[in-house]
>>> print(open('work13.txt').read())   # compact mmCIF, C-alpha atoms
# COMPACT_ATOMS: atom_id res chain seq x y z
CA MET A 1 -19.44 18.17 29.63
CA THR A 2 -21.61 20.66 27.77
CA GLN A 3 -20.63 22.45 24.60
CA LEU A 4 -22.67 25.59 24.20
CA ILE A 5 -23.02 27.39 20.87
CA LEU A 6 -24.70 30.77 21.26
CA LEU A 7 -26.21 32.72 18.38
CA ASP A 8 -26.79 36.02 20.11
CA SER A 9 -26.77 38.35 17.11
CA ILE A 10 -30.44 37.75 16.31
CA SER A 11 -32.27 38.81 19.46
CA ASN A 12 -35.60 40.65 19.61
CA VAL A 13 -36.98 39.03 16.47
CA HIS A 14 -40.27 37.19 16.16
CA TYR A 15 -39.89 33.96 14.20
CA ASN A 16 -42.14 31.07 13.28
CA ARG A 17 -39.76 28.74 11.54
CA ILE A 18 -36.14 27.71 11.94
CA GLU A 19 -34.20 25.79 9.32
CA PHE A 20 -30.59 24.73 9.41
CA ASN A 21 -28.22 22.14 7.98
CA LEU A 22 -26.78 19.52 10.24
CA GLY A 23 -23.46 18.71 8.57
CA THR A 24 -21.57 20.04 5.57
CA ASP A 25 -23.22 20.24 2.16
CA SER A 26 -21.96 18.33 -0.89
CA LEU A 27 -20.32 21.42 -2.42
CA ASP A 28 -18.07 21.84 0.63
CA ASN A 29 -17.20 18.17 0.33
CA VAL A 30 -15.86 18.43 -3.21
CA SER A 31 -14.12 21.83 -3.10
CA GLY A 32 -10.60 20.80 -2.14
CA ALA A 33 -8.48 22.05 0.74
CA MET A 34 -10.30 24.50 3.01
CA SER A 35 -9.33 26.64 5.98
CA GLY A 36 -11.13 27.83 9.12
CA ASP A 37 -13.76 25.48 10.56
CA LEU A 38 -13.40 23.23 7.50
CA ASP A 39 -9.62 22.80 7.91
CA PRO A 40 -8.78 19.08 8.03
CA ILE A 41 -6.50 19.69 11.05
CA HIS A 42 -9.62 19.65 13.21
CA GLY A 43 -9.94 15.91 12.71
CA MET A 44 -13.35 16.20 11.08
CA TYR A 45 -12.16 15.16 7.61
CA TRP A 46 -11.56 11.63 6.41
CA THR A 47 -8.15 11.12 4.89
CA TRP A 48 -8.59 7.73 3.19
CA GLN A 49 -11.78 8.83 1.46
CA SER A 50 -12.77 12.41 0.68
CA GLY A 51 -15.50 13.91 2.81
CA TYR A 52 -16.19 15.64 6.08
CA ILE A 53 -17.07 13.82 9.28
CA ASN A 54 -20.21 15.64 10.37
CA PHE A 55 -20.50 14.06 13.79
CA LYS A 56 -17.85 12.43 15.94
CA LEU A 57 -18.43 10.69 19.25
CA GLU A 58 -15.69 8.64 20.90
CA GLY A 59 -15.44 7.16 24.35
CA SER A 60 -15.55 3.96 26.33
CA SER A 61 -18.24 2.00 28.07
CA LYS A 62 -18.15 -1.20 30.09
CA VAL A 63 -20.85 -2.67 27.86
CA CYS A 64 -18.67 -2.47 24.73
CA PRO A 65 -16.98 -5.80 24.01
CA SER A 66 -14.28 -3.93 22.06
CA ARG A 67 -10.59 -3.43 22.95
CA ASN A 68 -10.41 -1.18 26.04
CA HIS A 69 -14.24 -1.03 25.79
CA GLU A 70 -13.87 1.79 23.27
CA PHE A 71 -16.50 3.08 20.89
CA ASN A 72 -15.99 5.28 17.82
CA PHE A 73 -18.74 6.92 15.84
CA HIS A 74 -17.62 9.01 12.87
CA ILE A 75 -20.72 9.94 10.92
CA GLY A 76 -20.39 11.60 7.51
CA GLY A 77 -20.47 11.04 3.78
CA TYR A 78 -21.90 13.16 0.98
CA LEU A 79 -22.45 10.61 -1.80
CA TYR A 80 -25.83 9.06 -2.51
CA PRO A 81 -27.20 6.84 -0.99
CA PHE A 82 -25.24 7.56 2.19
CA THR A 83 -25.70 11.32 2.21
CA SER A 84 -25.34 12.47 5.79
CA MET A 85 -26.21 16.15 5.69
CA GLN A 86 -29.65 16.73 7.18
CA ARG A 87 -31.88 19.75 6.60
CA LEU A 88 -33.71 20.30 9.86
CA VAL A 89 -36.90 22.36 9.92
CA PHE A 90 -38.74 23.41 13.05
CA GLU A 91 -42.09 25.21 13.11
CA VAL A 92 -42.16 27.45 16.15
CA ASN A 93 -43.98 30.56 17.30
CA GLN A 94 -41.47 32.42 19.27
CA SER A 95 -40.02 35.77 20.10
CA SER A 96 -37.91 34.74 23.05
CA ASP A 97 -34.77 32.60 23.20
CA LEU A 98 -34.93 29.04 22.05
CA SER A 99 -32.44 26.24 22.70
CA PHE A 100 -31.62 23.24 20.61
CA ASN A 101 -30.17 20.42 22.64
CA LEU A 102 -28.58 17.20 21.55
CA ASP A 103 -29.25 14.65 24.27
CA LEU A 104 -26.14 12.46 24.17
CA SER A 105 -27.20 10.20 27.04
CA LYS A 106 -30.41 9.42 25.16
CA LEU A 107 -28.38 8.77 21.99
CA ILE A 108 -26.14 6.31 23.80
CA SER A 109 -29.09 4.58 25.45
CA ILE A 110 -31.14 4.08 22.26
CA HIS A 111 -28.14 2.95 20.27
CA HIS A 112 -27.23 -0.31 22.10
CA LEU A 113 -23.47 0.10 22.42
CA GLN A 114 -22.96 -3.58 23.14
CA ASN A 115 -23.94 -4.43 19.54
CA GLU A 116 -22.53 -1.57 17.51
CA PHE A 117 -19.49 0.31 18.73
CA ASN A 118 -17.55 1.25 15.59
CA ILE A 119 -19.06 3.20 12.70
CA MET A 120 -16.40 5.01 10.73
CA SER A 121 -17.50 5.09 7.10
CA PRO A 122 -20.62 6.08 5.15
CA SER A 123 -22.95 3.08 5.18
CA GLU A 124 -26.44 1.86 6.13
CA LYS A 125 -25.22 1.77 9.74
CA SER A 126 -24.11 5.40 9.65
CA LEU A 127 -27.48 6.45 8.22
CA LEU A 128 -29.28 4.66 11.06
CA PHE A 129 -27.01 6.31 13.62
CA LEU A 130 -27.66 9.68 11.96
CA LYS A 131 -31.41 9.15 12.28
CA ARG A 132 -30.90 8.51 16.00
CA ILE A 133 -28.87 11.73 16.33
CA VAL A 134 -31.75 13.68 14.79
CA ASP A 135 -34.21 11.92 17.13
CA CYS A 136 -32.14 13.15 20.07
CA ILE A 137 -32.37 16.83 19.14
CA ASN A 138 -34.97 18.63 21.18
CA LEU A 139 -36.17 22.17 21.59
CA SER A 140 -36.54 23.98 24.86
CA LYS A 141 -37.75 27.48 25.63
CA MET B 1 7.36 24.82 -2.99
CA GLY B 2 5.05 22.02 -4.07
CA ARG B 3 7.98 20.28 -5.73
CA LYS B 4 10.14 20.65 -2.62
CA LEU B 5 7.37 19.18 -0.46
CA PHE B 6 6.82 16.35 -2.95
CA TYR B 7 10.45 15.25 -2.66
CA ASP B 8 10.84 15.88 1.08
CA PRO B 9 10.55 12.96 3.56
CA ILE B 10 9.60 15.56 6.20
CA LEU B 11 6.02 14.60 5.36
CA SER B 12 6.40 11.14 6.97
CA ALA B 13 6.40 10.31 10.69
CA ASP B 14 10.07 9.24 10.85
CA GLN B 15 11.11 11.46 7.95
CA SER B 16 12.02 8.49 5.77
CA ILE B 17 9.36 8.51 3.04
CA SER B 18 8.54 11.23 0.52
CA CYS B 19 5.84 11.29 -2.15
CA ALA B 20 8.61 10.47 -4.63
CA SER B 21 9.44 7.26 -2.73
CA CYS B 22 6.48 5.66 -4.48
CA HIS B 23 6.06 8.18 -7.31
CA SER B 24 9.48 8.37 -8.94
CA PRO B 25 9.98 10.87 -11.77
CA PHE B 26 11.95 8.30 -13.76
CA ASN B 27 8.96 5.96 -13.71
CA ALA B 28 6.50 8.62 -14.84
CA PHE B 29 5.81 9.05 -11.11
CA ALA B 30 4.84 5.42 -10.57
CA HIS B 31 6.58 2.78 -8.45
CA THR B 32 8.31 0.09 -10.45
CA ASP B 33 9.76 -3.25 -9.40
CA HIS B 34 7.15 -3.63 -6.67
CA SER B 35 3.76 -5.17 -7.30
CA LEU B 36 2.48 -3.47 -4.13
CA SER B 37 4.04 -0.21 -3.03
CA HIS B 38 5.83 0.01 0.30
CA GLY B 39 5.88 2.81 2.83
CA ILE B 40 7.23 3.58 6.27
CA GLN B 41 9.36 0.89 7.99
CA ASP B 42 9.16 -1.35 4.92
CA GLN B 43 5.45 -1.95 5.31
CA ILE B 44 3.75 -3.27 2.20
CA GLY B 45 0.58 -1.55 1.05
CA GLN B 46 -2.43 -2.95 -0.76
CA ARG B 47 -1.98 -1.51 -4.24
CA ASN B 48 0.50 -0.54 -6.92
CA ALA B 49 1.14 3.21 -6.79
CA PRO B 50 -0.32 4.76 -9.95
CA ALA B 51 1.65 7.01 -12.30
CA LEU B 52 1.07 10.74 -11.93
CA PHE B 53 0.55 12.87 -15.02
CA ASN B 54 -2.22 14.79 -16.76
CA LEU B 55 -4.00 14.92 -13.39
CA ALA B 56 -5.88 18.11 -14.26
CA TRP B 57 -8.20 16.00 -16.40
CA HIS B 58 -9.03 13.52 -13.64
CA GLU B 59 -12.36 13.74 -11.84
CA SER B 60 -11.26 11.45 -9.00
CA PHE B 61 -8.06 9.97 -7.63
CA MET B 62 -6.83 6.59 -6.37
CA TRP B 63 -7.62 3.23 -8.00
CA ASP B 64 -11.08 3.27 -6.41
CA GLY B 65 -11.79 7.00 -6.78
CA ALA B 66 -11.79 7.45 -2.99
CA ILE B 67 -10.51 11.00 -3.35
CA ASN B 68 -12.59 13.65 -5.09
CA HIS B 69 -10.12 16.53 -5.42
CA LEU B 70 -6.35 16.68 -6.02
CA ASP B 71 -5.94 19.17 -3.12
CA VAL B 72 -7.00 16.63 -0.51
CA GLN B 73 -5.34 13.57 -2.09
CA ALA B 74 -2.10 14.06 -0.14
CA LEU B 75 -3.98 13.63 3.15
CA ALA B 76 -4.37 9.93 2.35
CA PRO B 77 -0.69 8.90 2.05
CA ILE B 78 0.35 11.34 4.82
CA SER B 79 -2.08 9.68 7.24
CA HIS B 80 -2.01 6.03 6.15
CA SER B 81 -0.25 3.84 8.72
CA LYS B 82 1.56 1.89 5.98
CA GLU B 83 2.57 4.92 3.93
CA MET B 84 3.78 8.02 5.81
CA ALA B 85 2.03 7.25 9.13
CA SER B 86 1.78 10.92 10.06
CA SER B 87 -0.94 13.55 10.15
CA ILE B 88 -1.35 16.94 8.55
CA GLN B 89 -1.15 18.50 12.04
CA ASP B 90 2.27 16.88 12.62
CA VAL B 91 3.44 17.92 9.16
CA ILE B 92 2.53 21.54 9.99
CA THR B 93 4.54 21.26 13.24
CA ARG B 94 7.59 19.83 11.47
CA LEU B 95 7.48 22.44 8.71
CA ASN B 96 7.07 25.22 11.29
CA SER B 97 10.30 24.12 12.98
CA SER B 98 12.20 24.62 9.71
CA SER B 99 13.38 28.15 9.03
CA GLU B 100 13.87 27.19 5.40
CA TYR B 101 10.17 26.32 5.04
CA ARG B 102 9.01 29.35 7.00
CA GLU B 103 10.96 31.50 4.56
CA LEU B 104 9.60 29.56 1.60
CA PHE B 105 6.00 29.92 2.77
CA PHE B 106 6.60 33.65 3.22
CA LYS B 107 7.98 33.93 -0.32
CA THR B 108 5.08 31.92 -1.73
CA TYR B 109 2.12 33.26 0.21
CA HIS B 110 3.46 36.63 1.43
CA ASP B 111 3.18 35.62 5.06
CA SER B 112 4.84 32.79 6.93
CA LEU B 113 1.67 31.00 8.11
CA ILE B 114 2.06 27.28 7.41
CA SER B 115 -1.44 25.83 7.09
CA SER B 116 -2.87 22.60 5.78
CA GLU B 117 -4.61 24.46 2.98
CA ARG B 118 -1.33 25.96 1.77
CA ILE B 119 0.62 22.70 2.05
CA LEU B 120 -2.05 20.74 0.19
CA LYS B 121 -2.56 23.35 -2.52
CA SER B 122 1.20 23.63 -3.12
CA LEU B 123 1.50 19.87 -3.54
CA ALA B 124 -1.49 19.88 -5.90
CA GLN B 125 -0.09 22.76 -7.95
CA PHE B 126 3.19 20.92 -8.48
CA GLN B 127 1.40 17.77 -9.53
CA LEU B 128 -0.72 19.75 -11.99
CA THR B 129 2.49 20.73 -13.81
CA LEU B 130 3.15 17.05 -14.59
CA ILE B 131 1.81 17.09 -18.12
CA SER B 132 2.75 14.35 -20.54
CA ALA B 133 2.12 15.42 -24.14
CA ASN B 134 5.42 14.85 -25.94
CA SER B 135 5.34 11.20 -26.95
CA ARG B 136 5.94 9.91 -30.47
CA TYR B 137 2.14 9.51 -30.69
CA ASP B 138 1.78 13.24 -29.95
CA SER B 139 4.30 14.10 -32.67
CA VAL B 140 2.25 12.02 -35.11
CA ARG B 141 -0.92 13.82 -34.06
CA GLN B 142 0.86 17.15 -34.55
CA GLY B 143 1.85 16.11 -38.08
CA LYS B 144 5.58 16.23 -37.32
CA VAL B 145 6.29 12.54 -37.98
CA GLU B 146 4.38 9.51 -39.25
CA PHE B 147 3.77 6.10 -37.76
CA ASN B 148 5.72 3.29 -39.37
CA LEU B 149 3.71 0.43 -40.89
CA GLN B 150 3.80 -1.70 -37.74
CA GLU B 151 2.77 1.20 -35.50
CA ARG B 152 -0.05 2.12 -37.87
CA ASN B 153 -1.37 -1.47 -37.84
CA GLY B 154 -1.11 -1.39 -34.06
CA TYR B 155 -2.98 1.91 -33.92
CA HIS B 156 -5.90 0.45 -35.91
CA LEU B 157 -5.99 -2.56 -33.58
CA PHE B 158 -5.90 -0.18 -30.61
CA ILE B 159 -8.84 1.86 -31.92
CA LYS B 160 -10.81 -1.33 -32.52
CA HIS B 161 -10.12 -3.10 -29.22
CA CYS B 162 -8.85 -0.67 -26.58
CA ASN B 163 -9.92 2.91 -27.31
CA SER B 164 -13.42 2.70 -25.80
CA CYS B 165 -11.89 2.68 -22.29
CA HIS B 166 -8.30 3.85 -22.89
CA THR B 167 -9.64 6.74 -24.93
CA GLU B 168 -7.13 8.87 -26.86
CA PRO B 169 -5.53 11.36 -26.45
CA LEU B 170 -5.33 10.89 -22.65
CA PHE B 171 -5.66 7.10 -23.08
CA THR B 172 -8.19 6.77 -20.28
CA ASN B 173 -11.87 7.63 -20.06
CA HIS B 174 -11.38 8.11 -16.27
CA GLN B 175 -14.19 5.65 -15.56
CA PHE B 176 -14.32 2.64 -13.27
CA LYS B 177 -14.37 -0.73 -15.02
CA SER B 178 -13.83 -4.37 -14.30
CA ASN B 179 -11.34 -5.66 -16.85
CA GLY B 180 -11.78 -9.32 -16.01
CA LEU B 181 -9.10 -9.72 -13.36
CA SER B 182 -9.98 -12.48 -10.93
CA VAL B 183 -9.83 -11.55 -7.25
CA ASP B 184 -6.45 -11.93 -5.60
CA THR B 185 -7.57 -13.76 -2.46
CA THR B 186 -4.46 -12.63 -0.57
CA LEU B 187 -5.76 -9.04 -0.88
CA ASN B 188 -9.53 -9.28 -1.42
CA ASP B 189 -9.54 -5.80 -2.88
CA TYR B 190 -12.98 -5.02 -4.36
CA GLY B 191 -11.98 -1.59 -5.68
CA ARG B 192 -14.78 0.91 -6.25
CA TRP B 193 -17.12 -1.18 -4.07
CA ASN B 194 -15.04 -0.10 -1.06
CA ILE B 195 -16.30 3.44 -1.63
CA THR B 196 -19.87 3.04 -2.88
CA LYS B 197 -20.79 -0.34 -1.30
CA MET B 198 -22.83 -1.01 -4.45
CA PRO B 199 -22.65 -4.63 -5.69
CA SER B 200 -22.43 -3.40 -9.29
CA ASP B 201 -19.17 -1.63 -8.35
CA SER B 202 -17.49 -4.77 -7.04
CA LEU B 203 -14.04 -5.26 -8.63
CA LEU B 204 -14.23 -2.04 -10.61
CA PHE B 205 -11.02 -0.03 -10.73
CA LYS B 206 -10.16 3.23 -12.40
CA VAL B 207 -9.01 2.86 -16.01
CA PRO B 208 -5.34 3.92 -16.01
CA SER B 209 -3.79 5.92 -18.83
CA LEU B 210 -1.60 3.94 -21.21
CA ARG B 211 0.83 6.81 -21.67
CA ASN B 212 4.37 6.11 -20.46
CA LEU B 213 3.58 2.45 -20.00
CA SER B 214 7.17 1.25 -20.47
CA TYR B 215 8.16 3.31 -17.43
CA THR B 216 5.31 2.29 -15.15
CA TYR B 217 5.47 -1.53 -14.83
CA PRO B 218 4.20 -3.60 -13.13
CA TYR B 219 0.63 -3.26 -14.36
CA MET B 220 -2.88 -3.37 -12.87
CA HIS B 221 -4.03 -2.15 -9.43
CA ASP B 222 -2.12 -4.96 -7.70
CA GLY B 223 0.84 -4.97 -10.08
CA ARG B 224 0.18 -8.57 -11.06
CA PHE B 225 1.64 -8.29 -14.59
CA ASN B 226 5.28 -7.37 -15.12
CA LYS B 227 5.27 -7.13 -18.90
CA ILE B 228 3.09 -5.45 -21.50
CA SER B 229 2.85 -8.80 -23.32
CA GLN B 230 1.24 -10.34 -20.21
CA VAL B 231 -1.35 -7.56 -20.24
CA ILE B 232 -2.15 -8.21 -23.92
CA ASP B 233 -2.38 -11.95 -23.19
CA HIS B 234 -4.80 -11.22 -20.35
CA TYR B 235 -7.15 -9.34 -22.68
CA SER B 236 -6.89 -11.92 -25.47
CA ASN B 237 -7.29 -15.09 -23.40
CA GLY B 238 -7.14 -14.44 -19.65
CA ILE B 239 -10.45 -12.68 -18.93
CA ASP B 240 -12.45 -13.91 -15.93
CA ARG B 241 -16.07 -13.44 -17.05
CA SER B 242 -17.53 -13.89 -13.58
CA VAL B 243 -16.58 -10.49 -12.24
CA ASN B 244 -18.95 -7.60 -13.20
CA LEU B 245 -17.11 -7.58 -16.50
CA SER B 246 -17.15 -4.31 -18.43
CA LYS B 247 -19.50 -4.53 -21.43
CA GLU B 248 -16.66 -3.40 -23.70
CA LEU B 249 -15.05 -6.78 -23.04
CA ASN B 250 -18.14 -8.89 -23.81
CA ASN B 251 -16.75 -9.86 -27.18
CA PRO B 252 -13.45 -11.72 -27.00
CA ILE B 253 -10.42 -9.81 -28.27
CA LEU B 254 -8.84 -12.16 -30.76
CA LEU B 255 -5.30 -11.23 -31.76
CA SER B 256 -2.73 -13.20 -33.72
CA SER B 257 0.82 -13.16 -32.42
CA ASN B 258 1.77 -10.72 -35.21
CA GLU B 259 -1.08 -8.45 -34.24
CA LYS B 260 0.02 -8.50 -30.60
CA VAL B 261 3.47 -7.34 -31.68
CA ASP B 262 1.96 -4.59 -33.84
CA LEU B 263 -0.27 -3.45 -30.98
CA ILE B 264 2.70 -3.27 -28.62
CA SER B 265 4.72 -1.29 -31.17
CA PHE B 266 1.91 1.28 -31.22
CA LEU B 267 1.66 1.32 -27.42
CA LEU B 268 5.38 2.07 -27.20
CA THR B 269 4.75 5.33 -29.10
CA LEU B 270 2.92 6.52 -25.96
CA ASN B 271 6.17 6.66 -24.00
CA ASP B 272 7.01 10.29 -23.32
CA LYS B 273 10.74 10.47 -22.70
CA ALA B 274 10.74 14.27 -22.64
CA PHE B 275 8.24 14.13 -19.76
CA VAL B 276 10.04 11.43 -17.79
CA PHE B 277 13.42 13.18 -18.00
CA ASN B 278 12.16 16.76 -17.65
CA PRO B 279 14.47 18.32 -15.01
CA LYS B 280 11.69 20.72 -13.98
CA HIS B 281 9.84 17.79 -12.46
CA GLN B 282 12.80 16.24 -10.71
CA PHE B 283 14.38 16.52 -7.29
CA PRO B 284 15.08 20.20 -6.63
CA LYS B 285 18.86 20.46 -6.66
CA LYS B 286 20.48 23.28 -4.74
CA SER B 287 22.01 25.77 -7.14
CA ILE B 288 25.79 25.63 -7.23
CA ASN B 289 27.58 28.53 -5.64
CA PHE B 290 30.24 29.25 -8.25
CA SER B 291 32.25 31.63 -6.06
CA GLN B 292 32.86 28.79 -3.60
CA VAL B 293 33.83 26.41 -6.39
CA PHE B 294 36.25 29.02 -7.65
CA LYS B 295 37.81 29.51 -4.21
CA ILE B 296 38.43 25.80 -3.81
CA LYS B 297 40.21 25.75 -7.15
CA ILE B 298 42.56 28.60 -6.12
CA ILE B 299 43.54 26.79 -2.94
>>> encode(input="work13.txt", output="structure tokens")
Amino acid sequence: MTQLILLDSISNVHYNRIEFNLGTDSLDNVSGAMSGDLDPIHGMYWTWQSGYINFKLEGSSKVCPSRNHEFNFHIGGYLYPFTSMQRLVFEVNQSSDLSFNLDLSKLISIHHLQNEFNIMSPSEKSLLFLKRIVDCINLSK
Amino acid sequence: MGRKLFYDPILSADQSISCASCHSPFNAFAHTDHSLSHGIQDQIGQRNAPALFNLAWHESFMWDGAINHLDVQALAPISHSKEMASSIQDVITRLNSSSEYRELFFKTYHDSLISSERILKSLAQFQLTLISANSRYDSVRQGKVEFNLQERNGYHLFIKHCNSCHTEPLFTNHQFKSNGLSVDTTLNDYGRWNITKMPSDSLLFKVPSLRNLSYTYPYMHDGRFNKISQVIDHYSNGIDRSVNLSKELNNPILLSSNEKVDLISFLLTLNDKAFVFNPKHQFPKKSINFSQVFKIKII
């Protein structure tokens, strides 16, 4: 399954650098009840501890020794030292379309599901998983 | 509308538990008689439900500060499997099926959209009205009355031994501290550490306000003390010094039995009866339709 997010309002522009945030910034995390994309009904907000879940991946795999072979990765957190928002910067030289892809199969393969199948709070483990997410983002022309 | 939601069990999965189930107005919105609060289907939680008042001055919520904003606090009990065992999505669905709520949302927000933001903000707005500032202590501070001799002695003892953490006039500094409670090994609750995972935060809990303390027993995060005198005894000779103890408690608090009585007599001046029995904070009663009452009398 592929989820495609198109930003088609900025065509015909030459650009040499792209920066964006991966995840919600700390201000959004401390500003109370929000609507729209930040509405907690979307399941991307922790209820037992304030803060947005910036990345959620759930599924099952035969290699997981868990109940029903399920895995759950809920990556988020805005408090130091487990801050999960990432500022991504890409130097490019481009005037045509550019795609950012998150390679989920690579993420699953470098993560070793048999050892770590539940990460659901801000921690050292979630930071490591986050680093792997960033490593699985690639650019294609 | 926030008050109606606060008292309405519609928030819980089987519509049996409201916010007021564990935050009763007559207990200064705490849960008495239970060391640990209980939720849906008689399940027992992990902590004693804290009293709710003067929340506008709080920077975080819950005993461990897990919640950073009053708006989003309600998500925790709504979703917790041992409290209301529901979800904000299901609450929206249940409220949408009630014509009374649709009408109420329309009156409040000028359209009938029932959203999580509106539900949460209404609950927060009601809770912000819970202000306790009418105790005997407050009257003394306002110059209306004076402490008696025993209360005044108790006040001086309080300033010397307690005020650095239970800072007047709110009677909390809103910080996280370890007050020398040994770990209850049936719970293994490490408080603030659960949130920050920092060893220095192990066994730190939020300093509760001492206002309304007669109404809010039992005391401490796990409700281990039933009486104020047990709390005083803990500070004078029950401190466990092995537990990240707050520096304010480095020096032993030595109190004679007379001094303990004086201290308690001061602490009792923090009870705010006007707050606890304020009808504006209580269960929203339907207004009586006098024409119907009159008709019944004629018949």
>>> interface_residues(input="work13.txt", of="chain B", to="chain A", cutoff="12 Å", atoms="only C-alpha atoms", output="ChimeraX atom specification")
/B:59-81,83,85-93,114-124,192-198
>>> atom_distance(input="work13.txt", atom1="atom CA of Gln86 of chain A", atom2="atom CA of Cys136 of chain A")
13.6 Å
>>> atom_distance(input="work13.txt", atom1="atom CA of Ser95 of chain A", atom2="atom CA of Lys141 of chain A")
10.2 Å
>>> atom_distance(input="work13.txt", atom1="atom CA of Leu52 of chain B", atom2="atom CA of Ala30 of chain B")
6.7 Å
>>> axis_aligned_box(input="work13.txt", around="segment 114-129 of chain A", padding_each_side="8 Å", output="JSON")
{"center_x": -22.8, "center_y": 1.0, "center_z": 14.1, "size_x": 28.9, "size_y": 26.9, "size_z": 34.0}
>>> closest_residue(input="work13.txt", among="A:Ser99, A:Ser109, A:Ser126, A:Ser61", to="Phe73 of chain A", atoms="only C-alpha atoms")
A:Ser126
>>> closest_atom_pairs(input="work13.txt", of="segment 93-195 of chain B", to="segment 212-222 of chain B", cutoff="9 Å", atoms="all atoms listed in the file", output="JSON lines")
{"residue": "B:Ser132", "atom": "CA", "partner": "B:Asn212", "partner_atom": "CA", "distance": 8.4}
{"residue": "B:Ser135", "atom": "CA", "partner": "B:Asn212", "partner_atom": "CA", "distance": 8.3}
{"residue": "B:Leu181", "atom": "CA", "partner": "B:Met220", "partner_atom": "CA", "distance": 8.9}
{"residue": "B:Asp184", "atom": "CA", "partner": "B:Asp222", "partner_atom": "CA", "distance": 8.5}
{"residue": "B:Leu187", "atom": "CA", "partner": "B:Asp222", "partner_atom": "CA", "distance": 8.7}
{"residue": "B:Asp189", "atom": "CA", "partner": "B:Asp222", "partner_atom": "CA", "distance": 8.9}
{"residue": "B:Gly191", "atom": "CA", "partner": "B:His221", "partner_atom": "CA", "distance": 8.8}
>>> write_last_selection(input="work13.txt", atoms="C-alpha atoms", output="PDB file, in the frame of the given file")
ATOM      1  CA  SER B 132       2.750  14.350 -20.540  1.00  0.00           C
ATOM      2  CA  SER B 135       5.340  11.200 -26.950  1.00  0.00           C
ATOM      3  CA  LEU B 181      -9.100  -9.720 -13.360  1.00  0.00           C
ATOM      4  CA  ASP B 184      -6.450 -11.930  -5.600  1.00  0.00           C
ATOM      5  CA  LEU B 187      -5.760  -9.040  -0.880  1.00  0.00           C
ATOM      6  CA  ASP B 189      -9.540  -5.800  -2.880  1.00  0.00           C
ATOM      7  CA  GLY B 191     -11.980  -1.590  -5.680  1.00  0.00           C
TER       8      GLY B 191
END
>>> closest_residue(input="work13.txt", among="B:Arg224, B:Lys206, B:Arg211, B:Lys4", to="Tyr137 of chain B", atoms="only C-alpha atoms")
B:Arg211
>>> residues_around(input="work13.txt", residues="segment 255-257 of chain B", least_positions_apart="4", cutoff="12 Å", atoms="all atoms listed in the file", output="compact mmCIF listing (two decimals) with C-alpha atoms, in the frame of the given file")
# COMPACT_ATOMS: atom_id res chain seq x y z
CA GLY B 154 -1.11 -1.39 -34.06
CA LEU B 157 -5.99 -2.56 -33.58
CA PHE B 158 -5.90 -0.18 -30.61
CA LYS B 160 -10.81 -1.33 -32.52
CA HIS B 161 -10.12 -3.10 -29.22
CA SER B 229 2.85 -8.80 -23.32
CA ILE B 232 -2.15 -8.21 -23.92
CA ASP B 233 -2.38 -11.95 -23.19
CA HIS B 234 -4.80 -11.22 -20.35
CA TYR B 235 -7.15 -9.34 -22.68
CA SER B 236 -6.89 -11.92 -25.47
CA ASN B 237 -7.29 -15.09 -23.40
CA VAL B 261 3.47 -7.34 -31.68
CA ASP B 262 1.96 -4.59 -33.84
CA LEU B 263 -0.27 -3.45 -30.98
CA ILE B 264 2.70 -3.27 -28.62
